[in-house]
$ cat target-v1.txt   # compact mmCIF, C-alpha atoms
# COMPACT_ATOMS: atom_id res chain seq x y z
CA MET A 1 5.19 -7.10 -3.42
CA GLY A 2 2.24 -8.54 -5.28
CA PRO A 3 0.02 -11.55 -5.87
CA THR A 4 1.35 -14.85 -7.14
CA ALA A 5 2.17 -14.96 -10.88
CA ALA A 6 2.15 -11.15 -11.16
CA GLY A 7 5.69 -10.88 -12.55
CA LYS A 8 7.52 -9.72 -9.43
CA THR A 9 10.80 -11.53 -10.19
CA ASP A 10 10.95 -10.28 -13.77
CA LEU A 11 10.45 -6.71 -12.61
CA ALA A 12 13.04 -7.10 -9.82
CA VAL A 13 15.69 -8.38 -12.23
CA ALA A 14 14.97 -5.58 -14.69
CA LEU A 15 15.18 -3.06 -11.85
CA VAL A 16 18.57 -4.42 -10.73
CA ASP A 17 19.90 -3.99 -14.28
CA ALA A 18 18.43 -0.52 -14.72
CA LEU A 19 19.83 0.75 -11.41
CA ALA A 20 23.24 -0.87 -11.79
CA PRO A 21 25.04 2.22 -13.18
CA GLN A 22 23.78 4.27 -10.25
CA GLN A 23 23.16 1.91 -7.35
CA ALA A 24 24.01 -1.75 -6.74
CA CYS A 25 21.01 -3.81 -5.60
CA GLU A 26 20.74 -7.26 -4.04
CA ILE A 27 17.54 -9.31 -4.11
CA LEU A 28 16.15 -10.76 -0.89
CA SER A 29 13.31 -13.27 -1.26
CA VAL A 30 10.17 -12.78 0.83
CA ASP A 31 8.55 -16.13 0.10
CA SER A 32 7.59 -18.84 2.58
CA ALA A 33 8.02 -21.63 0.00
CA LEU A 34 11.27 -20.56 -1.69
CA VAL A 35 13.12 -21.14 1.59
CA TYR A 36 12.81 -24.92 1.07
CA ARG A 37 15.44 -26.92 -0.78
CA GLY A 38 14.18 -29.39 -3.38
CA MET A 39 10.93 -27.50 -3.95
CA ASP A 40 11.81 -25.81 -7.20
CA ILE A 41 9.20 -26.38 -9.90
CA GLY A 42 6.04 -25.99 -7.84
CA THR A 43 7.27 -22.81 -6.17
CA ALA A 44 8.29 -21.18 -9.48
CA LYS A 45 11.72 -20.77 -7.93
CA PRO A 46 14.06 -18.64 -10.06
CA SER A 47 16.36 -20.93 -12.04
CA PRO A 48 19.93 -21.64 -10.90
CA ALA A 49 21.19 -19.71 -13.95
CA LEU A 50 19.12 -16.67 -13.02
CA ARG A 51 20.21 -16.84 -9.39
CA ALA A 52 23.84 -17.16 -10.46
CA GLN A 53 23.50 -13.86 -12.30
CA TYR A 54 21.16 -12.25 -9.76
CA PRO A 55 21.75 -13.82 -6.33
CA HIS A 56 18.64 -14.20 -4.17
CA ARG A 57 19.03 -14.21 -0.40
CA LEU A 58 16.83 -16.52 1.74
CA VAL A 59 16.29 -19.12 -1.00
CA ASP A 60 17.10 -22.81 -0.32
CA ILE A 61 17.98 -22.15 3.33
CA CYS A 62 16.11 -24.99 5.04
CA ASP A 63 14.90 -28.55 4.52
CA PRO A 64 11.22 -29.28 3.79
CA ALA A 65 11.05 -31.29 7.02
CA GLU A 66 11.71 -28.09 8.99
CA ALA A 67 9.18 -25.45 9.95
CA TYR A 68 10.01 -21.87 8.97
CA SER A 69 8.22 -19.05 10.78
CA ALA A 70 7.62 -15.34 10.37
CA ALA A 71 9.83 -14.74 13.41
CA ARG A 72 12.69 -16.72 11.86
CA PHE A 73 12.22 -14.89 8.57
CA ARG A 74 12.37 -11.53 10.33
CA ALA A 75 15.65 -12.42 12.05
CA ASP A 76 17.16 -13.80 8.83
CA ALA A 77 15.97 -10.84 6.76
CA LEU A 78 17.23 -8.21 9.20
CA ALA A 79 20.66 -9.86 9.23
CA ALA A 80 20.73 -10.02 5.42
CA ILE A 81 19.58 -6.40 5.07
CA ALA A 82 22.34 -5.26 7.43
CA GLU A 83 24.97 -7.14 5.39
CA ILE A 84 23.69 -5.76 2.10
CA ARG A 85 23.59 -2.18 3.37
CA ALA A 86 27.07 -2.52 4.89
CA ARG A 87 28.36 -3.19 1.37
CA GLY A 88 26.69 -0.03 0.10
CA ALA A 89 24.07 -1.97 -1.84
CA LEU A 90 20.31 -1.49 -1.81
CA PRO A 91 18.22 -4.41 -0.47
CA LEU A 92 15.44 -5.25 -2.92
CA LEU A 93 12.85 -7.37 -1.13
CA VAL A 94 10.78 -9.43 -3.56
CA GLY A 95 7.95 -11.85 -2.85
CA GLY A 96 4.33 -12.54 -2.10
CA THR A 97 4.27 -13.75 1.51
CA MET A 98 2.47 -10.78 3.01
CA LEU A 99 2.77 -12.08 6.57
CA TYR A 100 6.55 -11.95 6.22
CA PHE A 101 6.47 -8.42 4.81
CA ARG A 102 4.30 -7.28 7.70
CA ALA A 103 6.52 -8.98 10.28
CA LEU A 104 9.50 -7.17 8.82
CA LEU A 105 7.90 -3.76 8.31
CA ARG A 106 5.91 -3.59 11.54
CA GLY A 107 7.71 -5.96 13.88
CA LEU A 108 6.33 -8.90 15.80
CA SER A 109 4.36 -8.71 19.00
CA PRO A 110 5.22 -11.53 21.39
CA LEU A 111 2.61 -14.27 20.97
CA PRO A 112 1.87 -16.93 23.56
CA GLN A 113 4.11 -19.98 23.34
CA ALA A 114 2.62 -23.24 22.13
CA ASP A 115 0.76 -25.05 24.88
CA ALA A 116 0.57 -28.83 24.49
CA ALA A 117 -2.60 -29.21 26.56
CA LEU A 118 -4.39 -26.39 24.77
CA ARG A 119 -3.28 -27.73 21.40
CA ALA A 120 -4.62 -31.18 22.29
CA ARG A 121 -7.94 -29.59 23.26
CA LEU A 122 -8.10 -27.80 19.91
CA GLU A 123 -7.25 -31.01 18.04
CA ALA A 124 -10.20 -32.67 19.81
CA GLU A 125 -12.44 -29.71 18.99
CA THR A 126 -11.40 -29.96 15.34
CA ALA A 127 -12.28 -33.65 15.28
CA ALA A 128 -15.70 -32.81 16.72
CA ARG A 129 -16.55 -29.62 14.85
CA GLY A 130 -14.62 -30.09 11.62
CA ILE A 131 -12.33 -27.46 10.16
CA ALA A 132 -15.30 -25.43 8.88
CA GLY A 133 -16.72 -25.26 12.40
CA MET A 134 -13.34 -24.20 13.79
CA HIS A 135 -13.09 -21.45 11.20
CA ARG A 136 -16.58 -20.21 12.17
CA TRP A 137 -15.43 -20.15 15.80
CA LEU A 138 -12.41 -18.10 14.80
CA ALA A 139 -14.64 -15.71 12.82
CA ASP A 140 -16.67 -15.12 16.00
CA VAL A 141 -13.67 -14.28 18.21
CA ASP A 142 -11.20 -12.84 15.67
CA PRO A 143 -12.91 -11.88 12.40
CA VAL A 144 -9.79 -10.13 11.08
CA SER A 145 -7.67 -13.27 11.37
CA ALA A 146 -10.51 -15.41 10.00
CA ALA A 147 -10.70 -13.20 6.91
CA ARG A 148 -7.03 -13.76 6.05
CA ILE A 149 -6.76 -17.47 7.02
CA HIS A 150 -8.20 -19.94 4.54
CA PRO A 151 -10.98 -22.12 6.00
CA ASN A 152 -9.08 -25.23 4.86
CA ASP A 153 -5.86 -24.34 6.71
CA PRO A 154 -6.32 -26.19 10.03
CA GLN A 155 -2.88 -25.39 11.44
CA ARG A 156 -3.25 -21.63 11.13
CA VAL A 157 -6.89 -21.69 12.25
CA GLN A 158 -5.91 -23.65 15.35
CA ARG A 159 -2.91 -21.39 16.03
CA ALA A 160 -5.11 -18.27 15.89
CA LEU A 161 -7.59 -19.87 18.28
CA GLU A 162 -4.75 -21.00 20.53
CA VAL A 163 -3.43 -17.43 20.74
CA TYR A 164 -6.92 -16.15 21.55
CA LEU A 165 -7.56 -18.74 24.26
CA ALA A 166 -4.11 -18.36 25.80
CA SER A 167 -3.98 -14.56 25.81
CA GLY A 168 -7.62 -13.54 25.91
CA ARG A 169 -6.95 -11.25 22.92
CA PRO A 170 -7.42 -11.83 19.19
CA MET A 171 -4.21 -12.57 17.34
CA SER A 172 -4.99 -9.69 14.96
CA ALA A 173 -5.01 -7.27 17.92
CA LEU A 174 -1.62 -8.57 19.05
CA TRP A 175 -0.27 -8.04 15.53
CA GLN A 176 -1.55 -4.45 15.59
CA ALA A 177 0.34 -3.91 18.85
CA ALA A 178 3.55 -5.18 17.24
CA GLY A 179 6.88 -3.77 18.33
CA GLN A 180 9.72 -2.18 16.42
CA GLY A 181 9.51 -2.30 12.66
CA LEU A 182 12.17 -2.26 9.99
CA GLY A 183 13.96 0.84 11.30
CA VAL A 184 14.92 2.20 7.85
CA PRO A 185 12.83 3.82 5.10
CA ALA A 186 11.00 1.37 2.84
CA LEU A 187 9.49 2.02 -0.59
CA LYS A 188 6.58 -0.37 -1.13
CA LEU A 189 5.97 -1.27 -4.76
CA VAL A 190 3.09 -3.58 -5.71
CA ARG A 191 3.30 -5.39 -9.06
CA SER A 192 -0.07 -6.47 -10.38
CA PRO A 193 -2.14 -6.73 -13.55
CA ARG A 194 -5.06 -4.33 -13.45
CA GLU A 195 -7.61 -7.01 -14.35
CA ARG A 196 -8.06 -10.03 -12.10
CA SER A 197 -8.92 -12.17 -15.13
CA VAL A 198 -5.44 -11.53 -16.54
CA LEU A 199 -3.87 -12.83 -13.33
CA HIS A 200 -6.09 -15.92 -13.41
CA ARG A 201 -4.93 -16.71 -16.96
CA ARG A 202 -1.31 -16.32 -15.89
CA ILE A 203 -1.89 -18.65 -12.94
CA GLU A 204 -3.34 -21.30 -15.25
CA THR A 205 -0.56 -20.95 -17.83
CA ARG A 206 2.13 -21.12 -15.17
CA PHE A 207 0.67 -24.21 -13.48
CA ASP A 208 0.40 -26.06 -16.79
CA ALA A 209 4.04 -25.15 -17.47
CA MET A 210 4.97 -26.55 -14.05
CA LEU A 211 3.24 -29.82 -14.88
CA ALA A 212 5.05 -29.99 -18.22
CA ALA A 213 8.37 -29.32 -16.45
CA GLY A 214 7.96 -32.35 -14.17
CA PHE A 215 6.19 -30.98 -11.09
CA LEU A 216 4.59 -34.33 -10.26
CA ASP A 217 7.98 -36.05 -10.45
CA GLU A 218 9.31 -33.45 -8.03
CA VAL A 219 6.52 -34.24 -5.56
CA ARG A 220 7.05 -38.00 -6.03
CA GLY A 221 10.68 -37.50 -5.05
CA LEU A 222 9.66 -35.61 -1.93
CA MET A 223 7.18 -38.35 -1.00
CA ARG A 224 9.83 -41.05 -1.46
CA ARG A 225 12.01 -39.42 1.19
CA GLY A 226 9.79 -40.96 3.85
CA ASP A 227 10.22 -38.15 6.39
CA LEU A 228 7.68 -35.73 4.92
CA ALA A 229 3.93 -35.65 5.44
CA PRO A 230 1.10 -33.58 3.96
CA GLU A 231 0.58 -31.85 7.32
CA LEU A 232 4.02 -30.19 7.23
CA PRO A 233 4.07 -26.46 6.38
CA SER A 234 6.25 -27.12 3.31
CA MET A 235 3.87 -29.71 1.90
CA ARG A 236 0.85 -27.51 2.53
CA ALA A 237 2.18 -25.00 0.00
CA VAL A 238 -0.27 -24.33 -2.82
CA GLY A 239 0.14 -26.93 -5.55
CA TYR A 240 2.12 -29.35 -3.40
CA ARG A 241 -0.86 -30.16 -1.21
CA GLN A 242 -3.02 -30.95 -4.23
CA ALA A 243 -0.27 -32.90 -6.03
CA TRP A 244 0.36 -34.98 -2.90
CA ALA A 245 -3.35 -35.82 -2.66
CA HIS A 246 -3.39 -36.89 -6.32
CA LEU A 247 -0.29 -39.07 -6.00
CA ALA A 248 -1.70 -40.60 -2.82
CA GLY A 249 -4.76 -41.68 -4.82
CA ASP A 250 -7.25 -39.17 -3.41
CA CYS A 251 -8.14 -37.61 -6.78
CA ASP A 252 -7.36 -37.94 -10.45
CA ALA A 253 -5.07 -35.62 -12.42
CA ARG A 254 -7.89 -33.47 -13.75
CA GLU A 255 -9.31 -32.88 -10.28
CA MET A 256 -5.82 -32.19 -8.92
CA ARG A 257 -5.32 -29.48 -11.53
CA ARG A 258 -8.74 -27.96 -10.76
CA ARG A 259 -8.02 -27.91 -7.02
CA ALA A 260 -4.55 -26.45 -7.48
CA LEU A 261 -5.81 -23.63 -9.71
CA ALA A 262 -8.65 -22.87 -7.30
CA ALA A 263 -6.25 -22.81 -4.35
CA THR A 264 -3.85 -20.52 -6.21
CA ARG A 265 -6.65 -18.11 -7.08
CA GLN A 266 -7.71 -18.11 -3.42
CA LEU A 267 -4.11 -17.37 -2.44
CA ALA A 268 -4.07 -14.40 -4.81
CA LYS A 269 -7.35 -13.16 -3.33
CA ARG A 270 -5.88 -13.26 0.19
CA GLN A 271 -2.74 -11.50 -1.03
CA TYR A 272 -4.85 -8.70 -2.50
CA THR A 273 -6.70 -8.39 0.82
CA TRP A 274 -3.39 -7.88 2.63
CA LEU A 275 -2.08 -5.47 -0.02
CA ARG A 276 -5.18 -3.29 0.05
CA SER A 277 -4.76 -2.87 3.81
CA GLU A 278 -1.04 -2.00 3.55
CA PRO A 279 -0.54 1.79 3.64
CA ASP A 280 1.62 3.85 1.29
CA CYS A 281 1.86 1.28 -1.50
CA GLN A 282 2.68 2.30 -5.07
CA TRP A 283 0.79 0.06 -7.51
CA LEU A 284 2.58 -0.83 -10.75
CA TRP A 285 0.05 -1.96 -13.34
CA ASP A 286 0.71 -3.90 -16.55
CA ASP A 287 -0.60 -1.11 -18.74
CA ALA A 288 1.40 1.70 -17.16
CA ALA A 289 5.10 0.95 -17.91
CA PRO A 290 5.85 -0.74 -14.55
CA LEU A 291 9.65 -0.70 -14.92
CA GLU A 292 9.75 3.00 -15.73
CA GLN A 293 7.40 3.73 -12.84
CA ALA A 294 9.45 1.65 -10.42
CA LEU A 295 12.72 3.15 -11.60
CA GLY A 296 11.43 6.69 -11.13
CA LEU A 297 10.08 5.94 -7.66
CA VAL A 298 13.30 4.27 -6.51
CA ARG A 299 15.50 7.06 -7.86
CA ARG A 300 13.38 9.74 -6.21
CA GLY A 301 13.45 7.76 -2.97
CA LEU A 302 17.23 7.54 -3.08
CA VAL A 303 17.50 11.30 -3.57
CA ARG A 304 14.99 11.94 -0.78
CA HIS A 305 17.14 9.99 1.65
CA GLY A 306 20.43 11.36 0.41
CA LEU A 307 21.56 8.12 -1.19
CA GLY A 308 21.86 8.96 -4.87
CA ALA A 309 21.41 11.32 -7.76
CA ALA A 310 18.14 11.78 -9.61
CA SER A 311 19.46 10.99 -13.09

$ encode --input "target-v1.txt" --output "structure tokens"
Amino acid sequence: MGPTAAGKTDLAVALVDALAPQQACEILSVDSALVYRGMDIGTAKPSPALRAQYPHRLVDICDPAEAYSAARFRADALAAIAEIRARGALPLLVGGTMLYFRALLRGLSPLPQADAALRARLEAETAARGIAGMHRWLADVDPVSAARIHPNDPQRVQRALEVYLASGRPMSALWQAAGQGLGVPALKLVRSPRERSVLHRRIETRFDAMLAAGFLDEVRGLMRRGDLAPELPSMRAVGYRQAWAHLAGDCDAREMRRRALAATRQLAKRQYTWLRSEPDCQWLWDDAAPLEQALGLVRRGLVRHGLGAAS
């Protein structure tokens, strides 16, 4: 686990190689953007060559016009984990979508189904109050959800309010009452630079590399399809939302870059908030030999559960 641009994929690949003589591993992506086909550059998707050598499960499994949920991820991930374990391999879950990790590790509490009338009421409230006003409303009734949902994310703000109004309970309380979790032991490793400024520099360097690699052309191609819109979950992904606004004429390239970097830093901040609240995490810092640390922790975990030798 870890914030965006922390080096999770590089560490995962190195860990697969280091464990290979002792234990086969298979990577399973825990990323809400990597599921979408055709969204490669802006998601920092591992290259086809890398995935040919190190297959990643749950990458390129749905079209950007589709919605992909935490519940669907949980079902897909549990099925993939069962297949990997049946082959005697170790599932290595890698990604930064903390909601998906929590859904998998803690289970999902049944949430109220979407209600068309209630949703229409909330759409009208949004038009009247504005998204900032809706987020303040959410902070009053469900401060925990408000803290993790960005104020400029109308769909998730409205969904949290919808759950509250339909059930009479905050969505965060329903999450805490979640049902069955993963059902097998999980070692939680967090990859992160120790200094936030280092992560911010990596975010900036990576986004500029995306632009140089043709990110705007990728978004132009998605826009030309004609069946996508900026309101879709896929197109609200960080970077894509800002690039779409730029290509639609809402801002110039410099402002697009500024907005995208700011949004990515905000994403990292929310990821850190989730990670700090996740119990039993082992933090792997840049300055503390992260591969060696991870390798030692995994090997000891395998021994603890009777799955391997310590050497």

$ closest_residue --input "target-v1.txt" --among "A:Gly301, A:Pro279, A:Gly183, A:Gly130" --to "Val157 (chain A)" --atoms "all atoms listed in the file"
A:Gly130

$ closest_residue --input "target-v1.txt" --among "A:Ala20, A:Leu161, A:Ala209, A:Ala103" --to "Met134 (chain A)" --atoms "only C-alpha atoms"
A:Leu161

$ closest_atom_pairs --input "target-v1.txt" --of "region 161-197 of chain A" --to "region 280-285 of chain A" --cutoff "12 Å" --atoms "all atoms listed in the file" --output "Markdown table"
| residue | atom | partner | partner_atom | distance |
| --- | --- | --- | --- | --- |
| A:Pro185 | CA | A:Asp280 | CA | 11.8 |
| A:Ala186 | CA | A:Asp280 | CA | 9.8 |
| A:Leu187 | CA | A:Cys281 | CA | 7.7 |
| A:Lys188 | CA | A:Cys281 | CA | 5.0 |
| A:Leu189 | CA | A:Gln282 | CA | 4.9 |
| A:Val190 | CA | A:Trp283 | CA | 4.7 |
| A:Arg191 | CA | A:Leu284 | CA | 4.9 |
| A:Ser192 | CA | A:Trp285 | CA | 5.4 |
| A:Pro193 | CA | A:Trp285 | CA | 5.3 |
| A:Arg194 | CA | A:Trp285 | CA | 5.6 |
| A:Glu195 | CA | A:Trp285 | CA | 9.2 |
| A:Arg196 | CA | A:Trp285 | CA | 11.5 |

$ closest_residue --input "target-v1.txt" --among "A:Tyr240, A:Cys25, A:Pro112, A:Leu105" --to "Ile84 (chain A)" --atoms "only C-alpha atoms"
A:Cys25

$ atom_distance --input "target-v1.txt" --atom1 "CA of Glu218 (chain A)" --atom2 "CA of Gly38 (chain A)"
7.9 Å

$ residues_around --input "target-v1.txt" --residues "region 118-124 of chain A" --least-positions-apart "4" --cutoff "7 Å" --atoms "all atoms listed in the file" --output "VMD selection string"
chain A and resid 128 158 162

$ residues_near_point --input "target-v1.txt" --point "(20.2, -1.5, -1.8)" --cutoff "12 Å" --atoms "only C-alpha atoms" --output "VMD selection string"
chain A and resid 15 to 16 19 to 20 22 to 28 80 to 93 184 to 187 298 to 299 301 to 302 307 to 308

$ atom_distance --input "target-v1.txt" --atom1 "CA of Arg265 (chain A)" --atom2 "CA of His200 (chain A)"
6.7 Å

$ atom_distance --input "target-v1.txt" --atom1 "CA of Met98 (chain A)" --atom2 "CA of His246 (chain A)"
28.3 Å

$ residues_around --input "target-v1.txt" --residues "Glu231 (chain A)" --least-positions-apart "5" --cutoff "12 Å" --atoms "all atoms listed in the file" --output "list in words"
Pro64, Ala65, Glu66, Ala67, Asn152, Asp153, Pro154, Gln155, Arg156, Arg236, Ala237, Tyr240, Arg241, Trp244 and Ala245 of chain A

$ closest_residue --input "target-v1.txt" --among "A:Trp274, A:Met235, A:Val30, A:Arg72" --to "Met223 (chain A)" --atoms "all atoms listed in the file"
A:Met235

$ residues_around --input "target-v1.txt" --residues "Arg206 (chain A)" --least-positions-apart "6" --cutoff "10 Å" --atoms "only C-alpha atoms" --output "ChimeraX atom specification"
/A:5,42,44,200,212,261

$ write_last_selection --input "target-v1.txt" --atoms "C-alpha atoms" --output "compact mmCIF listing (two decimals), in the frame of the given file"
# COMPACT_ATOMS: atom_id res chain seq x y z
CA ALA A 5 2.17 -14.96 -10.88
CA GLY A 42 6.04 -25.99 -7.84
CA ALA A 44 8.29 -21.18 -9.48
CA HIS A 200 -6.09 -15.92 -13.41
CA ALA A 212 5.05 -29.99 -18.22
CA LEU A 261 -5.81 -23.63 -9.71

$ closest_residue --input "target-v1.txt" --among "A:Ala263, A:Asp217, A:Thr126, A:Arg276" --to "Gly2 (chain A)" --atoms "all atoms listed in the file"
A:Arg276

$ residues_around --input "target-v1.txt" --residues "Tyr272 (chain A)" --least-positions-apart "5" --cutoff "9 Å" --atoms "all atoms listed in the file" --output "ChimeraX atom specification"
/A:2-3,267,277

$ residues_around --input "target-v1.txt" --residues "region 251-257 of chain A" --least-positions-apart "4" --cutoff "9 Å" --atoms "only C-alpha atoms" --output "short mmCIF file (atom, residue, chain, number, x, y, z; two decimals) with C-alpha atoms, in the coordinates of the input"
data_model
loop_
_atom_site.label_atom_id
_atom_site.label_comp_id
_atom_site.auth_asym_id
_atom_site.auth_seq_id
_atom_site.Cartn_x
_atom_site.Cartn_y
_atom_site.Cartn_z
CA PHE A 207 0.67 -24.21 -13.48
CA ASP A 208 0.40 -26.06 -16.79
CA GLY A 239 0.14 -26.93 -5.55
CA GLN A 242 -3.02 -30.95 -4.23
CA ALA A 243 -0.27 -32.90 -6.03
CA ALA A 245 -3.35 -35.82 -2.66
CA HIS A 246 -3.39 -36.89 -6.32
CA LEU A 247 -0.29 -39.07 -6.00
CA LEU A 261 -5.81 -23.63 -9.71
CA ALA A 262 -8.65 -22.87 -7.30
#

$ closest_residue --input "target-v1.txt" --among "A:Ala117, A:Ser172, A:Ile131, A:Pro55" --to "Pro143 (chain A)" --atoms "only C-alpha atoms"
A:Ser172

$ build_atoms --input "target-v1.txt" --residues "region 271-280 of chain A" --atoms "all heavy atoms" --output "mmCIF file, in the frame of the given file"
data_model
loop_
_atom_site.group_PDB
_atom_site.id
_atom_site.type_symbol
_atom_site.label_atom_id
_atom_site.label_comp_id
_atom_site.auth_asym_id
_atom_site.auth_seq_id
_atom_site.Cartn_x
_atom_site.Cartn_y
_atom_site.Cartn_z
ATOM 1 N N GLN A 271 -3.842 -12.447 -0.867
ATOM 2 C CA GLN A 271 -2.740 -11.500 -1.030
ATOM 3 C C GLN A 271 -3.268 -10.100 -1.339
ATOM 4 O O GLN A 271 -2.774 -9.106 -0.788
ATOM 5 C CB GLN A 271 -1.791 -11.983 -2.139
ATOM 6 C CG GLN A 271 -0.982 -13.215 -1.749
ATOM 7 C CD GLN A 271 -0.256 -13.827 -2.925
ATOM 8 O OE1 GLN A 271 -0.809 -13.945 -4.023
ATOM 9 N NE2 GLN A 271 0.991 -14.227 -2.718
ATOM 10 N N TYR A 272 -4.263 -10.001 -2.204
ATOM 11 C CA TYR A 272 -4.850 -8.700 -2.500
ATOM 12 C C TYR A 272 -5.482 -8.085 -1.250
ATOM 13 O O TYR A 272 -5.414 -6.863 -1.046
ATOM 14 C CB TYR A 272 -5.906 -8.829 -3.600
ATOM 15 C CG TYR A 272 -5.350 -8.814 -5.009
ATOM 16 C CD1 TYR A 272 -5.567 -9.881 -5.870
ATOM 17 C CD2 TYR A 272 -4.638 -7.715 -5.482
ATOM 18 C CE1 TYR A 272 -5.070 -9.875 -7.168
ATOM 19 C CE2 TYR A 272 -4.131 -7.698 -6.781
ATOM 20 C CZ TYR A 272 -4.355 -8.773 -7.620
ATOM 21 O OH TYR A 272 -3.853 -8.756 -8.906
ATOM 22 N N THR A 273 -6.108 -8.912 -0.423
ATOM 23 C CA THR A 273 -6.700 -8.390 0.820
ATOM 24 C C THR A 273 -5.634 -7.752 1.696
ATOM 25 O O THR A 273 -5.819 -6.648 2.225
ATOM 26 C CB THR A 273 -7.410 -9.528 1.581
ATOM 27 O OG1 THR A 273 -8.472 -10.054 0.772
ATOM 28 C CG2 THR A 273 -7.981 -9.019 2.895
ATOM 29 N N TRP A 274 -4.495 -8.437 1.851
ATOM 30 C CA TRP A 274 -3.390 -7.880 2.630
ATOM 31 C C TRP A 274 -2.878 -6.594 1.979
ATOM 32 O O TRP A 274 -2.642 -5.588 2.666
ATOM 33 C CB TRP A 274 -2.255 -8.895 2.711
ATOM 34 C CG TRP A 274 -2.438 -9.966 3.739
ATOM 35 C CD1 TRP A 274 -3.189 -11.092 3.618
ATOM 36 C CD2 TRP A 274 -1.846 -10.029 5.043
ATOM 37 N NE1 TRP A 274 -3.094 -11.855 4.758
ATOM 38 C CE2 TRP A 274 -2.283 -11.226 5.638
ATOM 39 C CE3 TRP A 274 -0.978 -9.193 5.741
ATOM 40 C CZ2 TRP A 274 -1.883 -11.605 6.921
ATOM 41 C CZ3 TRP A 274 -0.579 -9.568 7.019
ATOM 42 C CH2 TRP A 274 -1.036 -10.758 7.601
ATOM 43 N N LEU A 275 -2.680 -6.615 0.671
ATOM 44 C CA LEU A 275 -2.080 -5.470 -0.020
ATOM 45 C C LEU A 275 -2.964 -4.235 0.073
ATOM 46 O O LEU A 275 -2.466 -3.115 0.231
ATOM 47 C CB LEU A 275 -1.804 -5.827 -1.474
ATOM 48 C CG LEU A 275 -0.650 -6.804 -1.698
ATOM 49 C CD1 LEU A 275 -0.713 -7.404 -3.092
ATOM 50 C CD2 LEU A 275 0.688 -6.109 -1.465
ATOM 51 N N ARG A 276 -4.278 -4.438 -0.034
ATOM 52 C CA ARG A 276 -5.180 -3.290 0.050
ATOM 53 C C ARG A 276 -5.156 -2.644 1.435
ATOM 54 O O ARG A 276 -5.455 -1.458 1.577
ATOM 55 C CB ARG A 276 -6.605 -3.708 -0.319
ATOM 56 C CG ARG A 276 -6.819 -3.895 -1.822
ATOM 57 C CD ARG A 276 -8.295 -3.983 -2.156
ATOM 58 N NE ARG A 276 -8.921 -5.155 -1.561
ATOM 59 C CZ ARG A 276 -9.037 -6.328 -2.154
ATOM 60 N NH1 ARG A 276 -8.559 -6.496 -3.391
ATOM 61 N NH2 ARG A 276 -9.619 -7.349 -1.556
ATOM 62 N N SER A 277 -4.799 -3.422 2.448
ATOM 63 C CA SER A 277 -4.760 -2.870 3.810
ATOM 64 C C SER A 277 -3.385 -2.296 4.165
ATOM 65 O O SER A 277 -3.228 -1.699 5.232
ATOM 66 C CB SER A 277 -5.127 -3.961 4.828
ATOM 67 O OG SER A 277 -4.119 -4.957 4.904
ATOM 68 N N GLU A 278 -2.401 -2.482 3.290
ATOM 69 C CA GLU A 278 -1.040 -2.000 3.550
ATOM 70 C C GLU A 278 -0.931 -0.542 3.108
ATOM 71 O O GLU A 278 -1.180 -0.227 1.947
ATOM 72 C CB GLU A 278 -0.027 -2.866 2.807
ATOM 73 C CG GLU A 278 1.423 -2.571 3.153
ATOM 74 C CD GLU A 278 1.769 -2.886 4.588
ATOM 75 O OE1 GLU A 278 1.210 -3.857 5.152
ATOM 76 O OE2 GLU A 278 2.589 -2.167 5.167
ATOM 77 N N PRO A 279 -0.573 0.367 4.012
ATOM 78 C CA PRO A 279 -0.540 1.790 3.640
ATOM 79 C C PRO A 279 0.655 2.136 2.761
ATOM 80 O O PRO A 279 1.675 1.441 2.754
ATOM 81 C CB PRO A 279 -0.439 2.492 5.003
ATOM 82 C CG PRO A 279 0.248 1.494 5.894
ATOM 83 C CD PRO A 279 -0.229 0.147 5.427
ATOM 84 N N ASP A 280 0.508 3.226 2.031
ATOM 85 C CA ASP A 280 1.620 3.850 1.290
ATOM 86 C C ASP A 280 2.202 2.951 0.200
ATOM 87 O O ASP A 280 3.395 3.032 -0.092
ATOM 88 C CB ASP A 280 2.734 4.284 2.248
ATOM 89 C CG ASP A 280 2.237 5.228 3.322
ATOM 90 O OD1 ASP A 280 1.395 6.089 2.989
ATOM 91 O OD2 ASP A 280 2.664 5.091 4.475
#
